[in-house]
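Enquirer: Provided herewith: entry-v1.cif, mmCIF, C-alpha atoms.
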data_data
loop_
_atom_site.label_atom_id
_atom_site.label_comp_id
_atom_site.auth_asym_id
_atom_site.auth_seq_id
_atom_site.Cartn_x
_atom_site.Cartn_y
_atom_site.Cartn_z
CA MET A 1210 0.00 0.00 0.00
CA PRO A 1211 1.29 3.51 -0.77
CA GLU A 1212 2.71 5.12 2.37
CA ALA A 1213 1.14 8.44 1.40
CA VAL A 1214 -2.33 6.85 1.36
CA MET A 1215 -1.77 5.21 4.74
CA GLY A 1216 -0.34 8.39 6.25
CA ALA A 1217 -3.20 10.59 5.05
CA MET A 1218 -5.80 8.24 6.48
CA MET A 1219 -4.06 7.98 9.86
CA ARG A 1220 -3.70 11.77 10.11
CA ALA A 1221 -7.39 12.18 9.31
CA ALA A 1222 -8.33 9.63 11.97
CA GLU A 1223 -6.21 11.43 14.56
CA GLU A 1224 -7.82 14.73 13.57
CA PHE A 1225 -11.28 13.28 14.16
CA PHE A 1226 -10.42 12.14 17.68
CA ALA A 1227 -8.87 15.56 18.38
CA LEU A 1228 -12.30 17.20 17.82
CA THR A 1229 -14.18 18.44 20.85
CA ALA A 1230 -16.38 15.99 22.73
CA ASP A 1231 -19.51 17.78 21.49
CA GLU A 1232 -18.35 17.56 17.86
CA LYS A 1233 -17.70 13.82 18.14
CA MET A 1234 -20.89 13.12 20.07
CA ALA A 1235 -22.89 14.60 17.19
CA TYR A 1236 -22.34 11.22 15.52
CA TYR A 1237 -23.22 9.18 18.61
CA SER A 1238 -25.89 6.53 18.17
CA ASN A 1239 -26.98 3.23 19.71
CA ASP A 1240 -28.35 2.09 16.34
CA ARG A 1241 -25.89 -0.58 15.17
CA LYS A 1242 -27.11 -0.30 11.59
CA LYS A 1243 -26.38 3.41 11.32
CA LEU A 1244 -23.23 4.56 9.49
CA PRO A 1245 -21.29 6.66 10.16
CA ARG A 1246 -21.70 6.09 13.88
CA PHE A 1247 -19.60 7.13 16.87
CA HIS A 1248 -19.67 5.28 20.16
CA THR A 1249 -17.53 5.43 23.25
CA SER A 1250 -16.84 3.38 26.34
CA LEU A 1251 -15.48 6.36 28.25
CA ARG A 1252 -17.51 8.33 30.78
CA ASN A 1253 -19.84 10.46 28.70
CA GLY A 1254 -23.20 10.41 30.45
CA THR A 1255 -24.69 7.90 28.01
CA GLY A 1256 -24.84 5.07 30.52
CA GLU A 1257 -22.36 2.81 28.71
CA GLU A 1258 -20.36 0.42 30.85
CA VAL A 1259 -16.87 1.67 31.70
CA LEU A 1260 -15.01 -1.59 31.13
CA TYR A 1261 -13.50 -1.03 27.69
CA TRP A 1262 -11.39 2.07 27.19
CA ARG A 1263 -12.09 3.04 23.58
CA ASP A 1264 -13.65 5.60 21.28
CA CYS A 1265 -14.80 4.24 17.91
CA LEU A 1266 -16.03 5.76 14.67
CA LYS A 1267 -17.73 3.20 12.41
CA LEU A 1268 -17.68 3.93 8.69
CA GLY A 1269 -19.21 2.28 5.66
CA CYS A 1270 -16.99 1.17 2.80
CA HIS A 1271 -19.53 0.66 -0.01
CA PRO A 1272 -19.12 3.38 -1.04
CA PRO A 1273 -16.98 5.19 1.53
CA GLU A 1274 -18.53 8.53 2.40
CA TRP A 1275 -17.63 11.43 4.69
CA SER A 1276 -18.54 15.08 4.13
CA ASP A 1277 -18.12 16.65 7.56
CA LYS A 1278 -15.24 17.61 9.87
CA PRO A 1279 -12.41 16.90 9.60
CA ARG A 1280 -12.36 17.53 5.86
CA GLY A 1281 -9.22 15.44 5.47
CA LEU A 1282 -11.15 12.32 6.40
CA GLY A 1283 -13.38 12.54 3.34
CA ALA A 1284 -10.39 13.04 1.03
CA ALA A 1285 -8.42 10.16 2.57
CA LEU A 1286 -11.20 7.61 2.95
CA GLU A 1287 -11.81 6.54 -0.65
CA PRO A 1288 -8.18 5.89 -1.71
CA TYR A 1289 -7.42 4.17 1.60
CA THR A 1290 -10.47 1.91 1.36
CA ALA A 1291 -9.60 0.97 -2.24
CA ALA A 1292 -6.00 0.15 -1.29
CA VAL A 1293 -7.00 -1.89 1.77
CA ARG A 1294 -9.52 -3.94 -0.17
CA ALA A 1295 -6.92 -4.59 -2.86
CA ALA A 1296 -4.52 -5.89 -0.21
CA ALA A 1297 -7.24 -8.06 1.31
CA ARG A 1298 -8.18 -9.42 -2.13
CA ARG A 1299 -4.56 -10.43 -2.73
CA VAL A 1300 -4.41 -12.25 0.61
CA LEU A 1301 -7.72 -14.02 -0.07
CA ARG A 1302 -6.47 -15.20 -3.46
CA LEU A 1303 -3.29 -16.54 -1.85
CA ALA A 1304 -5.33 -18.24 0.88
CA ALA A 1305 -7.54 -19.88 -1.73
CA VAL A 1306 -4.54 -21.25 -3.62
CA GLY A 1307 -2.96 -22.45 -0.37
CA LEU A 1308 -6.14 -24.32 0.49
CA GLY A 1309 -6.22 -25.96 -2.94
CA LEU A 1310 -9.21 -23.94 -4.16
CA GLU A 1311 -9.64 -21.87 -7.29
CA GLU A 1312 -7.85 -18.54 -6.95
CA GLU A 1313 -11.15 -16.64 -7.33
CA HIS A 1314 -13.03 -18.69 -4.70
CA PHE A 1315 -13.49 -15.77 -2.29
CA GLU A 1316 -14.46 -13.17 -4.89
CA GLY A 1317 -17.96 -11.89 -5.52
CA SER A 1318 -20.61 -11.86 -2.81
CA LEU A 1319 -18.42 -13.92 -0.45
CA SER A 1320 -16.19 -10.87 0.06
CA GLY A 1321 -18.48 -8.11 -1.19
CA GLY A 1322 -19.38 -6.58 2.18
CA GLY A 1323 -17.48 -4.77 4.88
CA MET A 1324 -17.02 -1.74 7.09
CA MET A 1325 -14.30 0.10 8.99
CA ASN A 1326 -13.73 0.74 12.69
CA VAL A 1327 -11.60 3.81 13.40
CA ASN A 1328 -10.50 3.27 17.00
CA HIS A 1329 -8.81 5.46 19.58
CA TYR A 1330 -7.55 4.12 22.91
CA PRO A 1331 -6.65 7.05 25.21
CA PRO A 1332 -4.02 6.66 27.93
CA CYS A 1333 -5.63 4.84 30.84
CA PRO A 1334 -4.92 5.79 34.48
CA ASP A 1335 -5.68 2.31 35.89
CA LEU A 1336 -4.70 -0.61 33.64
CA SER A 1337 -6.02 -3.16 36.12
CA LEU A 1338 -9.62 -2.11 35.50
CA THR A 1339 -9.88 -1.85 31.72
CA LEU A 1340 -9.16 -3.35 28.32
CA GLY A 1341 -9.19 -1.50 25.06
CA ALA A 1342 -11.21 -4.36 23.56
CA GLY A 1343 -12.10 -7.69 25.12
CA PRO A 1344 -11.21 -11.13 23.73
CA HIS A 1345 -13.05 -11.81 20.48
CA CYS A 1346 -12.74 -13.05 16.92
CA ASP A 1347 -13.88 -11.01 13.95
CA PRO A 1348 -17.05 -12.21 12.20
CA GLY A 1349 -15.98 -11.91 8.56
CA LEU A 1350 -13.31 -13.33 6.26
CA VAL A 1351 -10.28 -11.13 6.89
CA THR A 1352 -9.51 -7.94 8.80
CA VAL A 1353 -6.82 -5.46 7.77
CA LEU A 1354 -5.44 -3.35 10.62
CA MET A 1355 -3.30 -0.21 10.54
CA GLU A 1356 -2.09 1.42 13.76
CA ASN A 1357 -0.13 4.57 14.56
CA VAL A 1358 1.98 3.05 17.35
CA GLY A 1359 2.97 -0.51 18.09
CA GLY A 1360 1.78 -2.31 21.19
CA GLY A 1361 -1.64 -3.02 22.59
CA LEU A 1362 -2.85 -5.74 20.22
CA GLN A 1363 -2.52 -9.29 21.55
CA ILE A 1364 -3.41 -12.66 20.02
CA LEU A 1365 -4.30 -15.85 21.88
CA LEU A 1366 -1.68 -18.48 21.08
CA HIS A 1367 -2.58 -22.14 21.52
CA GLY A 1368 0.24 -24.45 22.62
CA ASP A 1369 1.12 -27.42 20.39
CA GLY A 1370 -1.39 -26.22 17.80
CA ASP A 1371 -4.23 -27.75 19.81
CA ALA A 1372 -7.13 -25.32 19.98
CA ALA A 1373 -8.84 -27.40 22.62
CA GLY A 1374 -5.78 -28.06 24.76
CA GLY A 1375 -3.84 -26.17 27.38
CA GLY A 1376 -0.83 -23.95 27.08
CA MET A 1377 -2.83 -20.94 25.88
CA MET A 1378 -1.25 -17.53 26.34
CA TRP A 1379 -1.70 -13.95 25.17
CA VAL A 1380 1.14 -12.78 22.93
CA ASP A 1381 1.90 -9.23 21.82
CA VAL A 1382 1.60 -8.52 18.10
CA ASP A 1383 4.62 -6.35 17.34
CA ALA A 1384 4.07 -4.93 13.87
CA ALA A 1385 6.88 -3.15 12.08
CA PRO A 1386 6.33 0.59 11.47
CA GLY A 1387 4.20 1.04 8.38
CA ALA A 1388 3.08 -2.58 8.33
CA LEU A 1389 -0.45 -3.88 8.12
CA VAL A 1390 -1.72 -6.64 10.40
CA LEU A 1391 -4.15 -9.14 8.89
CA ASN A 1392 -6.17 -11.77 10.69
CA PHE A 1393 -8.78 -14.27 9.58
CA GLY A 1394 -12.32 -14.25 10.94
CA HIS A 1395 -15.10 -16.77 11.51
CA GLN A 1396 -16.16 -17.04 7.86
CA MET A 1397 -12.66 -18.12 6.83
CA GLN A 1398 -12.84 -20.88 9.44
CA VAL A 1399 -16.17 -22.00 7.97
CA VAL A 1400 -15.10 -21.91 4.30
CA SER A 1401 -11.84 -23.75 5.07
CA ASN A 1402 -13.80 -26.32 7.13
CA GLY A 1403 -11.64 -25.57 10.16
CA ARG A 1404 -8.24 -25.58 8.43
CA LEU A 1405 -7.75 -21.84 8.98
CA ARG A 1406 -8.96 -20.70 12.39
CA SER A 1407 -10.41 -17.34 13.27
CA ALA A 1408 -7.82 -15.49 15.33
CA GLU A 1409 -8.87 -14.61 18.87
CA HIS A 1410 -7.42 -11.26 19.93
CA ARG A 1411 -7.81 -8.38 22.37
CA VAL A 1412 -6.44 -4.89 22.97
CA VAL A 1413 -4.74 -3.88 26.22
CA THR A 1414 -4.50 -0.27 27.32
CA SER A 1415 -1.46 1.86 28.07
CA ALA A 1416 -0.85 4.43 30.79
CA ARG A 1417 1.77 6.27 28.73
CA ALA A 1418 0.36 6.96 25.29
CA GLY A 1419 -2.83 6.82 23.29
CA ARG A 1420 -3.19 4.52 20.29
CA THR A 1421 -5.20 4.94 17.10
CA SER A 1422 -5.98 2.04 14.79
CA LEU A 1423 -8.09 1.43 11.70
CA ALA A 1424 -9.64 -2.01 11.29
CA THR A 1425 -11.17 -2.69 7.87
CA PHE A 1426 -13.42 -5.75 7.83
CA VAL A 1427 -13.93 -7.72 4.62
CA TRP A 1428 -16.93 -10.01 4.90
CA PRO A 1429 -19.73 -11.54 2.82
CA GLU A 1430 -22.74 -9.58 1.65
CA PRO A 1431 -25.68 -9.95 4.07
CA GLY A 1432 -27.65 -12.31 1.83
CA CYS A 1433 -24.67 -14.49 0.92
CA THR A 1434 -24.92 -18.14 1.98
CA VAL A 1435 -21.61 -19.29 3.46
CA THR A 1436 -20.66 -22.97 3.49
CA PRO A 1437 -17.50 -25.06 3.81
CA ALA A 1438 -15.82 -25.33 0.39
CA GLN A 1439 -17.09 -28.54 -1.18
CA GLU A 1440 -13.65 -29.29 -2.64
CA LEU A 1441 -12.13 -29.42 0.85
CA VAL A 1442 -14.89 -31.60 2.27
CA LEU A 1443 -14.62 -34.10 -0.59
CA ALA A 1444 -10.81 -34.14 -0.73
CA ALA A 1445 -10.47 -34.96 2.94
CA GLY A 1446 -13.28 -37.48 2.93
CA GLU A 1447 -14.78 -35.77 5.94
CA GLY A 1448 -18.14 -34.20 6.57
CA PRO A 1449 -18.67 -30.45 6.75
CA LEU A 1450 -18.00 -29.10 10.24
CA TYR A 1451 -20.31 -26.13 9.79
CA LYS A 1452 -23.85 -25.60 8.54
CA PRO A 1453 -24.72 -23.38 5.57
CA HIS A 1454 -25.84 -20.00 6.86
CA SER A 1455 -26.78 -16.54 5.75
CA TYR A 1456 -24.05 -14.11 6.71
CA GLY A 1457 -26.58 -11.47 7.72
CA GLU A 1458 -28.24 -13.89 10.13
CA PHE A 1459 -24.89 -14.96 11.56
CA LEU A 1460 -23.87 -11.34 12.14
CA GLY A 1461 -27.01 -10.84 14.21
CA VAL A 1462 -26.10 -13.88 16.32
CA TYR A 1463 -22.50 -12.70 16.63
CA LEU A 1464 -23.55 -9.30 17.96
CA ALA A 1465 -26.09 -10.85 20.35
CA GLU A 1466 -23.35 -13.12 21.72
CA GLY A 1467 -20.99 -10.19 22.23
CA GLY A 1468 -18.40 -11.62 19.83
CA VAL A 1469 -17.57 -14.54 22.16
CA LYS A 1470 -15.97 -17.14 19.88
CA GLU A 1471 -17.39 -20.35 21.33
CA SER A 1472 -20.91 -18.96 21.62
CA ALA A 1473 -20.99 -17.53 18.10
CA MET A 1474 -19.48 -20.58 16.41
CA ALA A 1475 -21.76 -22.97 18.31
CA HIS A 1476 -24.63 -21.70 16.15
CA LEU A 1477 -22.78 -22.84 13.00
CA LYS A 1478 -21.54 -26.29 13.98
CA HIS A 1479 -23.19 -29.47 12.73
#
Take the structure in the file and write it out as structure tokens.

Expert:
Amino acid sequence: MPEAVMGAMMRAAEEFFALTADEKMAYYSNDRKKLPRFHTSLRNGTGEEVLYWRDCLKLGCHPPEWSDKPRGLGAALEPYTAAVRAAARRVLRLAAVGLGLEEEHFEGSLSGGGMMNVNHYPPCPDLSLTLGAGPHCDPGLVTVLMENVGGGLQILLHGDGDAAGGGMMWVDVDAAPGALVLNFGHQMQVVSNGRLRSAEHRVVTSARAGRTSLATFVWPEPGCTVTPAQELVLAAGEGPLYKPHSYGEFLGVYLAEGGVKESAMAHLKH
């Protein structure tokens, strides 16, 4: 991805979070279907639980739109979204080939949806009481993350490659400056029939410095039916591990379950 495109988008995100509280709260809504939408876990008089230490601006990507303050956000959003989706498309094509599928397996409605979370995690005075984001897996196919400072993101590592066994530990994700972090979500686990797992991750807070990140989610269109790839089921001589499902219906279940991996995936298992 061009560094100029990444830099312009990060500067615009930082400018948004530098707006006054009243300016940001003009976008506040509890309606999860509304975009753009601002929500916050900080003390703001809205009654939200103060457990997660994060401000978040949710943006649509189809097409990306922004016409208000800061002006730089509108100018940066379209080229950044196009570049991120191109990077995700390349990774999905590589994943398909690695799985033994046709290179275009994930194209079309299977990857035609998505949105963006623009997150800000302010410095936190008491790290023992908060997380930036609790343990969860993303609901879609792949997530592309850009952050302005390293540190904060952690992934749950399973010992000996056994997802059901012991030896689990949280490990810091130390991305190089200017790098993107990509992780697979629940729909990749379904399509690969369990060969590629959704990555469980969380965000820890810092007392020293704030952190801004942009997470772009690539997922199926709401009406898309997602199933394990038939080629993988037949090649392995095993049954499908997951039931066919509408992505829109699954997303409703995922949100109702609070993103908890076991609870969300239990609705998909045979």

Enquirer: Using all atoms listed in the file, determine which residues lie at most 9 Å from segment 1460-1470 of chain A, disregarding the query and same-chain residues fewer than 5 positions distant; provide the list as a ChimeraX atom specification.

Expert: /A:1344-1349,1395,1407,1409,1431,1455,1475-1476

Enquirer: Between A:Val1214, A:Ala1342, A:Cys1433, A:Val1382, which one has atoms that come closest to Thr1249 of chain A, using all atoms listed in the file?

Expert: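 Using all atoms listed in the file, Thr1249 of chain A sits closest to A:Ala1342.
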
Enquirer: Applying the PyMOL selection byres ((chain A and resi 1311-1318) around 6) to the file I just gave you, which residues come out? Please list them as a VMD selection string.

Expert: chain A and resid 1302 1305 to 1306 1310 1319 to 1321 1429 to 1430

Enquirer: When you draw a straight line from atom CA of Glu1356 of chain A to atom CA of Val1399 of chain A, how long is it in Å?

Expert: 27.9 Å

Enquirer: I would like the residues chosen by the PyMOL selection byres ((chain A and resi 1279-1285) around 8) on the shown file; could you give them as a VMD selection string?

Expert: chain A and resid 1214 1217 to 1218 1221 to 1222 1224 to 1225 1274 to 1278 1286 to 1289

Enquirer: One number please: atom CA of Gly1322 of chain A to atom CA of His1271 of chain A, in Å, one decimal.

Expert: 7.6 Å

Enquirer: Could you tell me how far atom CA of Arg1420 of chain A sits from atom CA of Lys1233 of chain A, in Å to one decimal place?

Expert: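 Interatomic distance, atom CA of Lys1233 of chain A to atom CA of Arg1420 of chain A: 17.4 Å.
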
Enquirer: What's the 7 Å shell around Ser1422 of chain A, counting all atoms listed in the file, without same-chain residues fewer than 4 positions away, as a PyMOL selection string?

Expert: chain A and resi 1327-1329+1354-1357

Enquirer: I'd like to know which of A:Asn1239, A:Thr1352, A:Ser1472, A:Ser1401 is closest to Phe1426 of chain A, using only C-alpha atoms.

Expert: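 The answer is A:Thr1352, which sits nearest to Phe1426 of chain A.
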
Enquirer: List the residues matched by the PyMOL selection byres ((chain A and resi 1268) around 10) in the displayed structure as a ChimeraX atom specification, ordered by chain and then by residue number.

Expert: /A:1243-1247,1265-1267,1269-1275,1286,1323-1327,1425

Enquirer: Using only C-alpha atoms, can you tell me which of A:Ala1473, A:Val1353, A:Leu1228, A:Leu1362 comes closest to Ala1384 of chain A?

Expert: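 Closest candidate: A:Leu1362.
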
Enquirer: Pick out the closest residue to Gly1419 of chain A from this set: A:Tyr1237, A:Trp1262, A:Tyr1330, A:Phe1226. Count all atoms listed in the file.

Expert: A:Tyr1330

Enquirer: Any chance you could build segment 1388-1399 of chain A out to all heavy atoms and write it as a CSV table (one decimal), in the coordinates of the input?

Expert:
chain,number,residue,atom,x,y,z
A,1388,ALA,N,3.6,-1.3,8.7
A,1388,ALA,CA,3.1,-2.6,8.3
A,1388,ALA,C,1.6,-2.6,8.6
A,1388,ALA,O,1.0,-1.9,9.4
A,1388,ALA,CB,3.8,-3.7,9.1
A,1389,LEU,N,0.9,-3.6,7.9
A,1389,LEU,CA,-0.4,-3.9,8.1
A,1389,LEU,C,-0.5,-5.2,8.8
A,1389,LEU,O,0.3,-6.1,8.6
A,1389,LEU,CB,-1.2,-4.0,6.8
A,1389,LEU,CG,-1.3,-2.7,6.0
A,1389,LEU,CD1,-2.0,-3.0,4.6
A,1389,LEU,CD2,-2.1,-1.6,6.7
A,1390,VAL,N,-1.5,-5.4,9.7
A,1390,VAL,CA,-1.7,-6.6,10.4
A,1390,VAL,C,-3.0,-7.2,9.9
A,1390,VAL,O,-4.0,-6.5,9.8
A,1390,VAL,CB,-1.8,-6.4,11.9
A,1390,VAL,CG1,-2.2,-7.8,12.6
A,1390,VAL,CG2,-0.5,-5.9,12.5
A,1391,LEU,N,-3.0,-8.5,9.4
A,1391,LEU,CA,-4.2,-9.1,8.9
A,1391,LEU,C,-4.5,-10.4,9.7
A,1391,LEU,O,-3.6,-11.1,10.1
A,1391,LEU,CB,-3.9,-9.6,7.4
A,1391,LEU,CG,-3.9,-8.4,6.4
A,1391,LEU,CD1,-2.5,-7.9,6.2
A,1391,LEU,CD2,-4.5,-8.9,5.1
A,1392,ASN,N,-5.7,-10.6,10.0
A,1392,ASN,CA,-6.2,-11.8,10.7
A,1392,ASN,C,-7.4,-12.3,10.1
A,1392,ASN,O,-8.3,-11.6,9.5
A,1392,ASN,CB,-6.3,-11.5,12.2
A,1392,ASN,CG,-7.5,-10.6,12.5
A,1392,ASN,OD1,-7.3,-9.4,12.6
A,1392,ASN,ND2,-8.7,-11.2,12.7
A,1393,PHE,N,-7.6,-13.6,10.1
A,1393,PHE,CA,-8.8,-14.3,9.6
A,1393,PHE,C,-9.9,-14.3,10.6
A,1393,PHE,O,-9.7,-14.3,11.8
A,1393,PHE,CB,-8.5,-15.7,9.2
A,1393,PHE,CG,-7.5,-15.8,8.0
A,1393,PHE,CD1,-6.5,-16.7,8.0
A,1393,PHE,CD2,-7.7,-15.0,6.9
A,1393,PHE,CE1,-5.6,-16.9,6.9
A,1393,PHE,CE2,-6.9,-15.1,5.8
A,1393,PHE,CZ,-5.8,-16.1,5.8
A,1394,GLY,N,-11.1,-14.3,10.1
A,1394,GLY,CA,-12.3,-14.2,10.9
A,1394,GLY,C,-13.1,-15.6,10.8
A,1394,GLY,O,-12.7,-16.5,10.2
A,1395,HIS,N,-14.3,-15.6,11.4
A,1395,HIS,CA,-15.1,-16.8,11.5
A,1395,HIS,C,-15.5,-17.4,10.1
A,1395,HIS,O,-15.5,-18.6,10.0
A,1395,HIS,CB,-16.4,-16.5,12.3
A,1395,HIS,CG,-16.2,-16.3,13.7
A,1395,HIS,ND1,-15.4,-17.1,14.5
A,1395,HIS,CD2,-16.7,-15.3,14.6
A,1395,HIS,CE1,-15.4,-16.7,15.8
A,1395,HIS,NE2,-16.2,-15.6,15.8
A,1396,GLN,N,-15.7,-16.5,9.2
A,1396,GLN,CA,-16.2,-17.0,7.9
A,1396,GLN,C,-15.0,-17.8,7.1
A,1396,GLN,O,-15.3,-18.7,6.4
A,1396,GLN,CB,-16.7,-15.9,7.0
A,1396,GLN,CG,-17.9,-15.2,7.6
A,1396,GLN,CD,-18.9,-16.1,8.2
A,1396,GLN,OE1,-19.5,-16.9,7.6
A,1396,GLN,NE2,-19.2,-15.9,9.5
A,1397,MET,N,-13.8,-17.4,7.4
A,1397,MET,CA,-12.7,-18.1,6.8
A,1397,MET,C,-12.6,-19.5,7.5
A,1397,MET,O,-12.3,-20.5,6.8
A,1397,MET,CB,-11.4,-17.3,7.0
A,1397,MET,CG,-10.1,-18.1,6.5
A,1397,MET,SD,-10.2,-18.4,4.7
A,1397,MET,CE,-9.7,-16.7,4.1
A,1398,GLN,N,-12.9,-19.6,8.8
A,1398,GLN,CA,-12.8,-20.9,9.4
A,1398,GLN,C,-13.9,-21.8,8.9
A,1398,GLN,O,-13.7,-23.0,8.7
A,1398,GLN,CB,-13.0,-20.7,10.9
A,1398,GLN,CG,-12.9,-22.0,11.7
A,1398,GLN,CD,-12.8,-21.8,13.2
A,1398,GLN,OE1,-12.2,-20.7,13.6
A,1398,GLN,NE2,-13.3,-22.7,14.0
A,1399,VAL,N,-15.1,-21.2,8.5
A,1399,VAL,CA,-16.2,-22.0,8.0
A,1399,VAL,C,-15.8,-22.5,6.6
A,1399,VAL,O,-15.9,-23.7,6.2
A,1399,VAL,CB,-17.5,-21.2,7.9
A,1399,VAL,CG1,-18.5,-21.9,7.1
A,1399,VAL,CG2,-18.0,-20.9,9.3
